[in-house]
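Q: Structure in structure tokens, see below.
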Number of protein chains: 2
Amino acid sequence: MDALTQLSVTDVQITSTFWQRYRNIIAKEAVPFQWDMINDKGKMDVTNADAAGGAADHSGAIENLKIAAGRAKGHHFGFVFQDTDVYKWLETVSYVLKYHFDQKMKDAADWTIDLIADAQDKNGYLSTYFQIDAPKRKFKRLQQSHELYSMGHYIEAGVAYYESTGSQKALEIAEKMAGCINSNFGPEDGKIHGYDGHPEIELALAKLYETTKNRTYLNLAKYFITERGQDLKFFDRQNEADGIDNDFFAELRTIGDRYYFADKPITEQKDAHGHAVRVLYFCTGLAHVARIEHDKKLLKAADTIWDDIVKKQLYVTGNVGQTVTGEAFTYDYDLPNDTDYGETCASVSMAFFTKQMLANKLAGKFGDVIEKEIFNGALSGIALDGKHYFYANPLEADPVASKLNPGKKHIALRRSSWFACACCPANITRLIASLDQYLYEIHDNTILSHQFIANDAKFSDGIEIHQQGNFPWDGNISYQISNPNRSKFSFGIRIPAWSLDKFILKVNDKVVNTKLNDDILYVPIDKSVTSISLVLNMAARLVRANTNVNADIGKVAIQRGPIVYCAEGVDNSQPLWRYILGEAPSFKYTYEPQLLDGVGTLTTDDAYCLEGDPEEALYTFDKPKGAQKAHLTLIPYYAWANRDEKQMTVWIRQNGI
Amino acid sequence: MDALTQLSVTDVQITSTFWQRYRNIIAKEAVPFQWDMINDKGKMDVTNADAAGGAADHSGAIENLKIAAGRAKGHHFGFVFQDTDVYKWLETVSYVLKYHFDQKMKDAADWTIDLIADAQDKNGYLSTYFQIDAPKRKFKRLQQSHELYSMGHYIEAGVAYYESTGSQKALEIAEKMAGCINSNFGPEDGKIHGYDGHPEIELALAKLYETTKNRTYLNLAKYFITERGQDLKFFDRQNEADGIDNDFFAELRTIGDRYYFADKPITEQKDAHGHAVRVLYFCTGLAHVARIEHDKKLLKAADTIWDDIVKKQLYVTGNVGQTVTGEAFTYDYDLPNDTDYGETCASVSMAFFTKQMLANKLAGKFGDVIEKEIFNGALSGIALDGKHYFYANPLEADPVASKLNPGKKHIALRRSSWFACACCPANITRLIASLDQYLYEIHDNTILSHQFIANDAKFSDGIEIHQQGNFPWDGNISYQISNPNRSKFSFGIRIPAWSLDKFILKVNDKVVNTKLNDDILYVPIDKSVTSISLVLNMAARLVRANTNVNADIGKVAIQRGPIVYCAEGVDNSQPLWRYILGEAPSFKYTYEPQLLDGVGTLTTDDAYCLEGDPEEALYTFDKPKGAQKAHLTLIPYYAWANRDEKQMTVWIRQNGI
């Protein structure tokens with residue numbers, strides 16, 4: 001047999017040293033730690049939690065489910081969406097069990113599934129706040145209730161657990177939920193014509209459809225996607241009927257439809273605005289449903305929003321959502337570094353959205369953004385120990401500013417172990433635990449390798465691909481291809497934007513010049529091809545922002561491979577803003593195995609540091625005093641704030657026009 | 001007679017073209033307009049008021065007094081300190097009548113004095129909110145009640161009106177108030193041992209003492225100054241007794257003592273923190289009482305706070321108070337330009353404070369700061385028409401940012417005619433109307449001319465000084481001295497910081513080299529001296545901030561004479577941040593009589609403008625595209641936002657180390 005009928009991936013095992021460390025920490029540290037947190041065991045270190053996310057003395061998440069299940073008595077504790085902390089933990093576990101099986105962990109997950117099943121209403125409804133304390137208000141205040149958001153997170157977890165362990169029970173709970181939602185929402189008479197204030201159900205139903213192939217779920221997902229923003233009075237009418245002041249979040253009643261990304265139908269939206277995670281969860285479902293349905297209008301809508309973010313609202317680290325007020329996008333080219341929010345959840349969901357966009361169309365730009373998130377913006381959300389998390393991820397931080405300027409109060413200089421609103425911890429762990437799903441994309445008879453994360457992958461027809469390399473520190477990537485059935489297929493390799501100017505591809509050890517197609521090299525594979533190697537440009541590069549960006553003007557960021565670097569006060573003299581890079585600075589790269597669990601640092605002597613003088617006047621008409629030649633040390637952005645609390649900056653001044 | 005026993009100023013008439021325009025507008029436009037506002041007549045243009053200050057549909061300030069006086073019925077309207085809008089209007093009128101007598105205006109003021117007298121309780125108490133709606137809560141919740149603040153503002157007005165018109169009735173009301181406060185507050189048993197949440201009474205009682213020489217008022221002022229911050233439970237105890245939730249401003253109950261500048265006794269304070277106007281009103285009274293009492297500890301305390309502000313927390317324009325949150329100081333060297341508050345009231349009160357510091361010690365630095373405020377930071381608070389006012393005065397503004405980034409919502413791009421909290425309008429008008437009090441300072445046998453504002457001044461012993469010149473546009477200053485009694489005295493002239501490197505002094509047309517003493521030239525005056533002339537350096541100067549200031553690094557401000565300039569989008573291409581000044585730019589100065597009611601502009605061709613390309617990526621590894629030679633036009637900062645709503649910036653990038 002020479003041609004494939006249906007190419008598919010069957011197994012991916014990550015072998016990358018860099019990612020094995022993180023994934024082992026998720027398995028051995030984060031999952032047990034988060035389990036303790038949601039079970040109200042162990043100590044919360046919430047020292048910096050009140051900066052963003054808020055501090056709490058316990059979680060109550062499992063306890064709420066016990067109360068709903070009749071196994072305990074009491075009132076609901078925490079936010080109306082507290083259940084989701086359990087579900088995202090369960091989803092993380094689902095992925096972990098595939099690369100680090102642990103019977104105790106599986107037992108805990110099975111016990112949790114049983115608990116969730118017991119807590120679920122007969123008709124499939126599950127949202128413990130409403131079951132315990134407000135049974136008459138179910139689906140009555142969707143602007144703020146997060147009920148579909150909560151159930152959507154369970155559906156994701158249930159599907160993941162079923163896919164990982166074959167647990168029918170986990171899937172049944174999800175299908176019962178979807179059934180409940182379907183019988184309550186939709187265009188038909190007698191159903192609620194509306195949608196949740198916080199998207200999530202859309203992407204969850206699309207996943208449930210992929211697993212079950214039940215079109216009901218797909219139709220319902222599409223309904224929520226197309227209904228959003230159609231009826232601008234929906235929330236108001238519900239609030240009125242539910243008792244106008246009877247809010248779960250008083251400030252969310254009058255915040256306006258833009259916050260909910262519900263100010264107009266998605267096909268009329270031109271940019272990302274409002275609460276960043278709401279936008280990105282919604283667009284993840286949008287891009288997914290659009291693909292399955294071959295809906296060109298929805299595909300175009302997804303493209304429009306993705307383009308706006310990536311071309312005009314994305315931090316160089318991949319962080320998104322510029323303002324703490326409403327945890328929201330602001331406007332095109334507004335990218336302040338010292339007040340930005342860049343919520344961990346937003347970076348994680350930008351990776352979700354972009355994964356769906358890549359599935360829609362093979363193009364290097366999508367792989368670039370996924371890479372940006374997983375090595376920078378999203379990864380910054382978790383400490384090296386796996387047990388502390390950032391809510392906000394600024395690109396410039398100063399402990400004094402966070403303490404004494406209220407406009408920067410949300411900028412924590414230290415990750416917190418937990419939060420009152422603990423959305424971020426399990427969001428970053430479920431991303432890292434599922435990273436094996438982010439390496440290959442298959443279109444027809446093409447396998448695209450879009451991330452340089454060493455792995456052993458198996459595909460249909462016995463195809464095996466072994467990617468090796470010490471990325472992100474080393475740019476030598478090799479693929480061994482085993483193709484026992486002599487299948488013919490095309491193997492695509494993304495050339496990252498940072499290496500487009502310089503790379504070497506060898507097929508069977510011979511240099512090959514292949515034309516790029518949307519920044520992807522396609523190598524036709526036949527029986528003769530057994531190895532491919534790629535050498536990427538690992539020079540430290542200066543990154544400049546578009547001159548429409550006020551915050552970055554006259555500054556550069558430094559990137560080597562996929563890693564965006566930053567300067568920390570731990571390694572450099574403070575204040576960091578006194579540094580200026582030379583016109584064409586050369587950087588020395590050193591891998592330091594003992595530093596920050598092993599990082600590559602960049603240092604340069606092509607830098608200057610302005611002189612300071614504490615006795616000097618605040619303003620002077622004098623010429624500048626000049627600067628001293630200085631040594632500047634940079635570390636990867638993802639690893640910042642793992643040592644002493646000092647200043648940090650990604651963007652550094654450079655002279656030049 | 002050859003020696004003076006007691007030198008004093010008897011009359012100052014401002015003849016400066018620049019200031020006559022403003023002072024005429026105050027007399028002919030602002031005073032009648034504000035009268036309409038507080039009488040709920042005429043139209044409020046509050047389009048931009050909600051940015052800071054808040055919008056209201058009417059004032060109710062006079063109506064409240066009518067109700068308290070029994071001339072009308074109803075409830076109090078507005079803030080608990082609404083009365084002060086009337087008092088500051090009355091104070092403005094007091095000063096205006098001295099340079100622009102208008103019988104109708106005086107009739108309105110006399111009518112208002114009668115109304116206030118009728119509204120005043122027999123025991124001297126006056127605060128209409130409490131009289132009308134909460135008579136049992138008088139002096140019961142001083143943290144928030146503003147009662148002493150309100151009466152303090154009347155006392156200032158009453159003293160001013162008495163000084164201007166001789167109205168005994170105006171003074172009697174003030175003395176009755178002070179008597180009421182004295183019988184309720186003080187160290188004696190049975191009195192309240194505490195102070196107002198908002199300082200003002202301290203400076204008012206010091207003024208009342210100066211006029212009446214009644215030491216009771218001075219002692220009471222000193223009591224409030226030294227008591228502040230002694231008993232950190234005072235506010236809490238009062239709130240508890242008054243009913244803990246019974247707030248006038250709920251957020252002010254738990255905001256903390258730092259906000260009130262009451263976290264420790266003044267002699268232990270090391271820096272300015274908390275609500276800027278509270279700090280500055282307090283320090284105005286502090287410096288005044290310290291001088292009268294020759295209290296070295298209090299003098300040192302005043303010095304410490306003034307130094308902290310001027311050396312570490314003052315914008316180059318003179319604006320103070322870096323954050324909208326609590327309208328407050330933040331911390332040393334934290335001077336963000338695009339989020340700063342710089343409340344008009346704070347700049348005005350920084351002038352008040354500094355005037356008292358100059359009275360304590362003749363030094364050029366104090367005159368420099370007064371000049372900075374009156375020509376820049378404070379003056380920016382009022383539109384050229386005299387009838388629109390800024391609450392916040394940023395150093396960088398962008399209409400899109402103010403609209404779409406919530407962190408900049410407080411930055412209005414257009415002055416508003418009135419505010420719910422209308423503190424700023426009459427604060428800036430009373431400063432401009434009393435500017436004649438800011439020109440001379442007399443110490444022993446020295447007359448110091450510290451401002452270059454043309455005027456005709458009369459002193460004791462028949463001395464007359466006529467200062468002429470077209471400042472701030474022209475640096476040629478001349479003094480004609482008439483000294484009919486051949487008095488011997490010393491005439492001091494401040495040499496401004498911006499001219500210390502270059503100036504020419506001539507006495508009777510002969511160049512004189514005199515040593516500077518604290519940046520002041522002292523010319524001994526005897527019968528021979530009839531004219532003094534000074535030529536100041538009116539070159540456009542580049543101003544650089546201390547390298548401890550993150551926000552201004554790599555940037556310069558441009559100042560010519562006392563005027564700080566800015567670039568506006570009306571005159572230059574946007575975005576303004578694309579401009580870079582050359583290494584040693586030369587500026588062309590042009591006085592443009594038709595522009596902005598007559599301003600000197602600065603233009604340069606020694607500038608570059610970075611190129612933009614809307615289709616360009618957000619980030620690039622490419623070298624910068626370069627910049628075009630560009631023409632840059634600057635206007636005085638005080639005159640910004642009088643044309644179209646466009647971007648504005650004071651600080652402009654410049655290459656260099």
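Residues are named by chain letter and number: chains run A, B, ... in the order of the structure tokens, numbers start at 1 in each chain, and ligands are numbered from 1 in the order shown.
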With 6 Å as the limit and counting only C-alpha atoms, what residues in chain B lie close to chain A? Please list them as an NGL selection string.

A: :B and (311 or 330 or 404-405 or 542-547 or 612 or 617-621 or 626 or 655 or 657)

Q: From a DSSP pass on the backbone, collect the residues of region 93-283 of chain A flagged as helix (DSSP H, G or I) and hand them back as a PyMOL selection string.

A: chain A and resi 93-99+103-119+128-133+135-137+142-145+147-165+168-184+201-212+215-227+234-242+250-252+266-268+276-283

Q: With only C-alpha atoms as the counted atoms, please give the residues lying no more than 9 Å from Gly367 (chain B), apart from itself and same-chain residues fewer than 2 positions off, as number ranges by chain.

A: B: 354-355, 358, 362-365, 369-372, 450-451, 494, 496

Q: Going by DSSP on the backbone, which residues of region 317-459 of chain B come out as strand (DSSP E or B)? List them as a PDB file with all heavy atoms, in the first residue's frame.

A:
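Resulting contents of selection_22.pdb:
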```pdb
ATOM      1  N   THR B 323      -1.160  59.787  41.650  1.00  0.00           N
ATOM      2  CA  THR B 323      -2.151  58.760  41.349  1.00  0.00           C
ATOM      3  C   THR B 323      -3.584  59.226  41.577  1.00  0.00           C
ATOM      4  O   THR B 323      -3.871  59.944  42.535  1.00  0.00           O
ATOM      5  CB  THR B 323      -1.903  57.472  42.163  1.00  0.00           C
ATOM      6  OG1 THR B 323      -2.949  56.524  41.874  1.00  0.00           O
ATOM      7  CG2 THR B 323      -1.907  57.714  43.664  1.00  0.00           C
ATOM      8  N   ALA B 328      -3.574  61.102  45.172  1.00  0.00           N
ATOM      9  CA  ALA B 328      -2.512  61.048  46.178  1.00  0.00           C
ATOM     10  C   ALA B 328      -1.089  61.079  45.635  1.00  0.00           C
ATOM     11  O   ALA B 328      -0.839  60.778  44.460  1.00  0.00           O
ATOM     12  CB  ALA B 328      -2.699  59.772  47.001  1.00  0.00           C
ATOM     13  N   PHE B 329      -0.169  61.440  46.520  1.00  0.00           N
ATOM     14  CA  PHE B 329       1.246  61.184  46.279  1.00  0.00           C
ATOM     15  C   PHE B 329       1.463  59.669  46.271  1.00  0.00           C
ATOM     16  O   PHE B 329       0.705  58.919  46.912  1.00  0.00           O
ATOM     17  CB  PHE B 329       2.084  61.796  47.411  1.00  0.00           C
ATOM     18  CG  PHE B 329       2.171  63.300  47.391  1.00  0.00           C
ATOM     19  CD1 PHE B 329       1.415  64.076  48.256  1.00  0.00           C
ATOM     20  CD2 PHE B 329       3.022  63.950  46.497  1.00  0.00           C
ATOM     21  CE1 PHE B 329       1.490  65.459  48.234  1.00  0.00           C
ATOM     22  CE2 PHE B 329       3.116  65.343  46.476  1.00  0.00           C
ATOM     23  CZ  PHE B 329       2.345  66.098  47.348  1.00  0.00           C
ATOM     24  N   ILE B 382      -6.934  75.945  34.121  1.00  0.00           N
ATOM     25  CA  ILE B 382      -7.998  76.841  33.643  1.00  0.00           C
ATOM     26  C   ILE B 382      -7.847  77.056  32.139  1.00  0.00           C
ATOM     27  O   ILE B 382      -6.740  77.238  31.634  1.00  0.00           O
ATOM     28  CB  ILE B 382      -7.984  78.179  34.431  1.00  0.00           C
ATOM     29  CG1 ILE B 382      -9.176  79.060  34.058  1.00  0.00           C
ATOM     30  CG2 ILE B 382      -6.664  78.921  34.272  1.00  0.00           C
ATOM     31  CD1 ILE B 382      -9.367  80.255  35.012  1.00  0.00           C
ATOM     32  N   TYR B 389     -12.332  74.106  33.370  1.00  0.00           N
ATOM     33  CA  TYR B 389     -11.278  73.765  34.325  1.00  0.00           C
ATOM     34  C   TYR B 389     -10.905  72.292  34.241  1.00  0.00           C
ATOM     35  O   TYR B 389     -11.760  71.436  34.030  1.00  0.00           O
ATOM     36  CB  TYR B 389     -11.763  74.098  35.744  1.00  0.00           C
ATOM     37  CG  TYR B 389     -12.358  75.486  35.850  1.00  0.00           C
ATOM     38  CD1 TYR B 389     -13.722  75.691  35.689  1.00  0.00           C
ATOM     39  CD2 TYR B 389     -11.538  76.603  36.050  1.00  0.00           C
ATOM     40  CE1 TYR B 389     -14.275  76.967  35.751  1.00  0.00           C
ATOM     41  CE2 TYR B 389     -12.081  77.883  36.104  1.00  0.00           C
ATOM     42  CZ  TYR B 389     -13.455  78.060  35.958  1.00  0.00           C
ATOM     43  OH  TYR B 389     -13.992  79.324  36.012  1.00  0.00           O
ATOM     44  N   GLU B 396       1.081  63.707  29.694  1.00  0.00           N
ATOM     45  CA  GLU B 396       0.975  63.004  28.417  1.00  0.00           C
ATOM     46  C   GLU B 396      -0.468  62.544  28.307  1.00  0.00           C
ATOM     47  O   GLU B 396      -1.016  61.988  29.262  1.00  0.00           O
ATOM     48  CB  GLU B 396       1.922  61.791  28.405  1.00  0.00           C
ATOM     49  CG  GLU B 396       1.910  61.010  27.116  1.00  0.00           C
ATOM     50  CD  GLU B 396       2.860  59.811  27.156  1.00  0.00           C
ATOM     51  OE1 GLU B 396       3.901  59.888  27.834  1.00  0.00           O
ATOM     52  OE2 GLU B 396       2.534  58.804  26.519  1.00  0.00           O
ATOM     53  N   ALA B 397      -1.093  62.826  27.183  1.00  0.00           N
ATOM     54  CA  ALA B 397      -2.503  62.474  27.051  1.00  0.00           C
ATOM     55  C   ALA B 397      -2.765  61.982  25.649  1.00  0.00           C
ATOM     56  O   ALA B 397      -2.080  62.358  24.694  1.00  0.00           O
ATOM     57  CB  ALA B 397      -3.381  63.682  27.371  1.00  0.00           C
ATOM     58  N   SER B 416     -13.632  70.961  31.790  1.00  0.00           N
ATOM     59  CA  SER B 416     -15.072  70.926  32.049  1.00  0.00           C
ATOM     60  C   SER B 416     -15.489  72.229  32.729  1.00  0.00           C
ATOM     61  O   SER B 416     -14.695  72.852  33.429  1.00  0.00           O
ATOM     62  CB  SER B 416     -15.367  69.723  32.953  1.00  0.00           C
ATOM     63  OG  SER B 416     -16.707  69.697  33.331  1.00  0.00           O
ATOM     64  N   TYR B 440       6.306  90.023  45.963  1.00  0.00           N
ATOM     65  CA  TYR B 440       7.336  90.556  46.853  1.00  0.00           C
ATOM     66  C   TYR B 440       7.314  89.825  48.177  1.00  0.00           C
ATOM     67  O   TYR B 440       6.252  89.431  48.669  1.00  0.00           O
ATOM     68  CB  TYR B 440       7.118  92.053  47.087  1.00  0.00           C
ATOM     69  CG  TYR B 440       7.298  92.858  45.827  1.00  0.00           C
ATOM     70  CD1 TYR B 440       6.206  93.263  45.070  1.00  0.00           C
ATOM     71  CD2 TYR B 440       8.592  93.181  45.375  1.00  0.00           C
ATOM     72  CE1 TYR B 440       6.375  93.967  43.897  1.00  0.00           C
ATOM     73  CE2 TYR B 440       8.766  93.892  44.196  1.00  0.00           C
ATOM     74  CZ  TYR B 440       7.661  94.288  43.460  1.00  0.00           C
ATOM     75  OH  TYR B 440       7.845  94.979  42.299  1.00  0.00           O
ATOM     76  N   GLU B 441       8.484  89.697  48.742  1.00  0.00           N
ATOM     77  CA  GLU B 441       8.585  89.163  50.091  1.00  0.00           C
ATOM     78  C   GLU B 441       9.515  90.091  50.860  1.00  0.00           C
ATOM     79  O   GLU B 441      10.590  90.463  50.356  1.00  0.00           O
ATOM     80  CB  GLU B 441       9.141  87.725  50.048  1.00  0.00           C
ATOM     81  CG  GLU B 441       8.984  86.966  51.335  1.00  0.00           C
ATOM     82  CD  GLU B 441       7.530  86.829  51.781  1.00  0.00           C
ATOM     83  OE1 GLU B 441       6.674  86.449  50.956  1.00  0.00           O
ATOM     84  OE2 GLU B 441       7.245  87.143  52.965  1.00  0.00           O
ATOM     85  N   ILE B 442       9.101  90.477  52.026  1.00  0.00           N
ATOM     86  CA  ILE B 442       9.903  91.429  52.805  1.00  0.00           C
ATOM     87  C   ILE B 442      10.441  90.772  54.060  1.00  0.00           C
ATOM     88  O   ILE B 442       9.685  90.122  54.798  1.00  0.00           O
ATOM     89  CB  ILE B 442       9.062  92.674  53.160  1.00  0.00           C
ATOM     90  CG1 ILE B 442       8.714  93.406  51.855  1.00  0.00           C
ATOM     91  CG2 ILE B 442       9.812  93.576  54.135  1.00  0.00           C
ATOM     92  CD1 ILE B 442       7.819  94.599  52.048  1.00  0.00           C
ATOM     93  N   HIS B 443      11.744  90.853  54.228  1.00  0.00           N
ATOM     94  CA  HIS B 443      12.397  90.357  55.448  1.00  0.00           C
ATOM     95  C   HIS B 443      13.225  91.498  56.014  1.00  0.00           C
ATOM     96  O   HIS B 443      14.143  91.966  55.344  1.00  0.00           O
ATOM     97  CB  HIS B 443      13.345  89.196  55.108  1.00  0.00           C
ATOM     98  CG  HIS B 443      12.698  87.859  55.224  1.00  0.00           C
ATOM     99  ND1 HIS B 443      13.403  86.707  55.493  1.00  0.00           N
ATOM    100  CD2 HIS B 443      11.403  87.484  55.092  1.00  0.00           C
ATOM    101  CE1 HIS B 443      12.567  85.686  55.526  1.00  0.00           C
ATOM    102  NE2 HIS B 443      11.360  86.120  55.271  1.00  0.00           N
ATOM    103  N   THR B 446      14.876  94.063  53.763  1.00  0.00           N
ATOM    104  CA  THR B 446      15.049  93.563  52.400  1.00  0.00           C
ATOM    105  C   THR B 446      13.707  93.443  51.704  1.00  0.00           C
ATOM    106  O   THR B 446      12.746  92.920  52.285  1.00  0.00           O
ATOM    107  CB  THR B 446      15.724  92.179  52.422  1.00  0.00           C
ATOM    108  OG1 THR B 446      17.029  92.317  52.961  1.00  0.00           O
ATOM    109  CG2 THR B 446      15.795  91.582  51.026  1.00  0.00           C
ATOM    110  N   ILE B 447      13.678  93.946  50.482  1.00  0.00           N
ATOM    111  CA  ILE B 447      12.523  93.672  49.615  1.00  0.00           C
ATOM    112  C   ILE B 447      13.001  92.693  48.555  1.00  0.00           C
ATOM    113  O   ILE B 447      13.948  92.984  47.815  1.00  0.00           O
ATOM    114  CB  ILE B 447      12.012  94.944  48.921  1.00  0.00           C
ATOM    115  CG1 ILE B 447      11.501  95.961  49.964  1.00  0.00           C
ATOM    116  CG2 ILE B 447      10.921  94.614  47.913  1.00  0.00           C
ATOM    117  CD1 ILE B 447      11.104  97.310  49.361  1.00  0.00           C
ATOM    118  N   LEU B 448      12.371  91.530  48.519  1.00  0.00           N
ATOM    119  CA  LEU B 448      12.732  90.556  47.482  1.00  0.00           C
ATOM    120  C   LEU B 448      11.679  90.576  46.388  1.00  0.00           C
ATOM    121  O   LEU B 448      10.484  90.389  46.646  1.00  0.00           O
ATOM    122  CB  LEU B 448      12.803  89.138  48.082  1.00  0.00           C
ATOM    123  CG  LEU B 448      12.926  88.008  47.054  1.00  0.00           C
ATOM    124  CD1 LEU B 448      14.256  88.074  46.299  1.00  0.00           C
ATOM    125  CD2 LEU B 448      12.758  86.638  47.717  1.00  0.00           C
ATOM    126  N   SER B 449      12.144  90.798  45.172  1.00  0.00           N
ATOM    127  CA  SER B 449      11.275  90.634  44.003  1.00  0.00           C
ATOM    128  C   SER B 449      11.544  89.236  43.471  1.00  0.00           C
ATOM    129  O   SER B 449      12.611  88.971  42.919  1.00  0.00           O
ATOM    130  CB  SER B 449      11.619  91.683  42.947  1.00  0.00           C
ATOM    131  OG  SER B 449      11.080  91.311  41.697  1.00  0.00           O
ATOM    132  N   ASN B 455       4.635  95.105  37.427  1.00  0.00           N
ATOM    133  CA  ASN B 455       3.709  95.632  38.430  1.00  0.00           C
ATOM    134  C   ASN B 455       4.178  96.983  38.942  1.00  0.00           C
ATOM    135  O   ASN B 455       5.346  97.358  38.792  1.00  0.00           O
ATOM    136  CB  ASN B 455       3.602  94.649  39.604  1.00  0.00           C
ATOM    137  CG  ASN B 455       4.905  94.581  40.391  1.00  0.00           C
ATOM    138  OD1 ASN B 455       5.128  95.360  41.325  1.00  0.00           O
ATOM    139  ND2 ASN B 455       5.804  93.672  40.006  1.00  0.00           N
ATOM    140  N   ASP B 456       3.263  97.704  39.517  1.00  0.00           N
ATOM    141  CA  ASP B 456       3.557  98.948  40.224  1.00  0.00           C
ATOM    142  C   ASP B 456       3.300  98.679  41.692  1.00  0.00           C
ATOM    143  O   ASP B 456       2.161  98.394  42.079  1.00  0.00           O
ATOM    144  CB  ASP B 456       2.634 100.077  39.753  1.00  0.00           C
ATOM    145  CG  ASP B 456       2.879 100.420  38.282  1.00  0.00           C
ATOM    146  OD1 ASP B 456       4.004 100.175  37.787  1.00  0.00           O
ATOM    147  OD2 ASP B 456       1.938 100.909  37.639  1.00  0.00           O
ATOM    148  N   ALA B 457       4.368  98.786  42.491  1.00  0.00           N
ATOM    149  CA  ALA B 457       4.221  98.435  43.901  1.00  0.00           C
ATOM    150  C   ALA B 457       4.574  99.605  44.795  1.00  0.00           C
ATOM    151  O   ALA B 457       5.488 100.383  44.494  1.00  0.00           O
ATOM    152  CB  ALA B 457       5.126  97.246  44.228  1.00  0.00           C
ATOM    153  N   LYS B 458       3.798  99.745  45.860  1.00  0.00           N
ATOM    154  CA  LYS B 458       4.079 100.791  46.840  1.00  0.00           C
ATOM    155  C   LYS B 458       4.421 100.144  48.170  1.00  0.00           C
ATOM    156  O   LYS B 458       3.794  99.152  48.570  1.00  0.00           O
ATOM    157  CB  LYS B 458       2.855 101.688  47.020  1.00  0.00           C
ATOM    158  CG  LYS B 458       2.549 102.512  45.777  1.00  0.00           C
ATOM    159  CD  LYS B 458       1.318 103.363  45.959  1.00  0.00           C
ATOM    160  CE  LYS B 458       1.032 104.119  44.652  1.00  0.00           C
ATOM    161  NZ  LYS B 458      -0.285 104.755  44.666  1.00  0.00           N
ATOM    162  N   PHE B 459       5.424 100.743  48.826  1.00  0.00           N
ATOM    163  CA  PHE B 459       5.884 100.217  50.106  1.00  0.00           C
ATOM    164  C   PHE B 459       5.814 101.324  51.148  1.00  0.00           C
ATOM    165  O   PHE B 459       5.543 102.487  50.834  1.00  0.00           O
ATOM    166  CB  PHE B 459       7.319  99.685  49.965  1.00  0.00           C
ATOM    167  CG  PHE B 459       7.423  98.586  48.943  1.00  0.00           C
ATOM    168  CD1 PHE B 459       7.566  98.880  47.588  1.00  0.00           C
ATOM    169  CD2 PHE B 459       7.375  97.249  49.336  1.00  0.00           C
ATOM    170  CE1 PHE B 459       7.645  97.876  46.648  1.00  0.00           C
ATOM    171  CE2 PHE B 459       7.454  96.234  48.388  1.00  0.00           C
ATOM    172  CZ  PHE B 459       7.599  96.558  47.041  1.00  0.00           C
TER     173      PHE B 459
END
```

Q: To one decimal in Å, tell me the separation between CA of Leu171 (chain A) and CA of Ile62 (chain A).

A: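 Answer for the CA of Leu171 (chain A) to CA of Ile62 (chain A) separation: 19.7 Å.
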
Q: Considering only C-alpha atoms, return as a ChimeraX atom specification whatever protein or nucleic-acid residues lie within 8 Å of Asp85 (chain B), sequence-local ones (same chain, fewer than 4 positions apart) excluded.

A: /B:38,61,89,422-423,426

Q: How about saving the chosen residues, N, CA, C and O atoms kept, as a CSV table (one decimal), in the first residue's frame?

A:
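Dumped everything to again.csv:
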```csv
chain,number,residue,atom,x,y,z
B,38,ILE,N,-22.9,78.4,41.1
B,38,ILE,CA,-23.3,78.1,42.5
B,38,ILE,C,-24.8,78.5,42.8
B,38,ILE,O,-25.3,78.1,43.8
B,61,ALA,N,-25.2,75.0,46.0
B,61,ALA,CA,-24.3,75.5,47.1
B,61,ALA,C,-25.0,76.7,47.7
B,61,ALA,O,-25.0,76.8,49.0
B,89,TRP,N,-15.5,81.2,45.9
B,89,TRP,CA,-15.9,82.2,45.0
B,89,TRP,C,-15.8,83.6,45.7
B,89,TRP,O,-15.3,84.6,45.1
B,422,ALA,N,-16.6,70.4,43.0
B,422,ALA,CA,-16.1,71.6,42.2
B,422,ALA,C,-15.1,72.4,42.9
B,422,ALA,O,-15.1,73.6,43.0
B,423,CYS,N,-14.1,71.6,43.5
B,423,CYS,CA,-13.0,72.3,44.3
B,423,CYS,C,-12.1,73.1,43.4
B,423,CYS,O,-11.5,74.1,43.8
B,426,ALA,N,-12.7,77.4,41.6
B,426,ALA,CA,-12.5,78.6,42.4
B,426,ALA,C,-11.1,78.5,43.1
B,426,ALA,O,-10.6,79.6,43.6
```
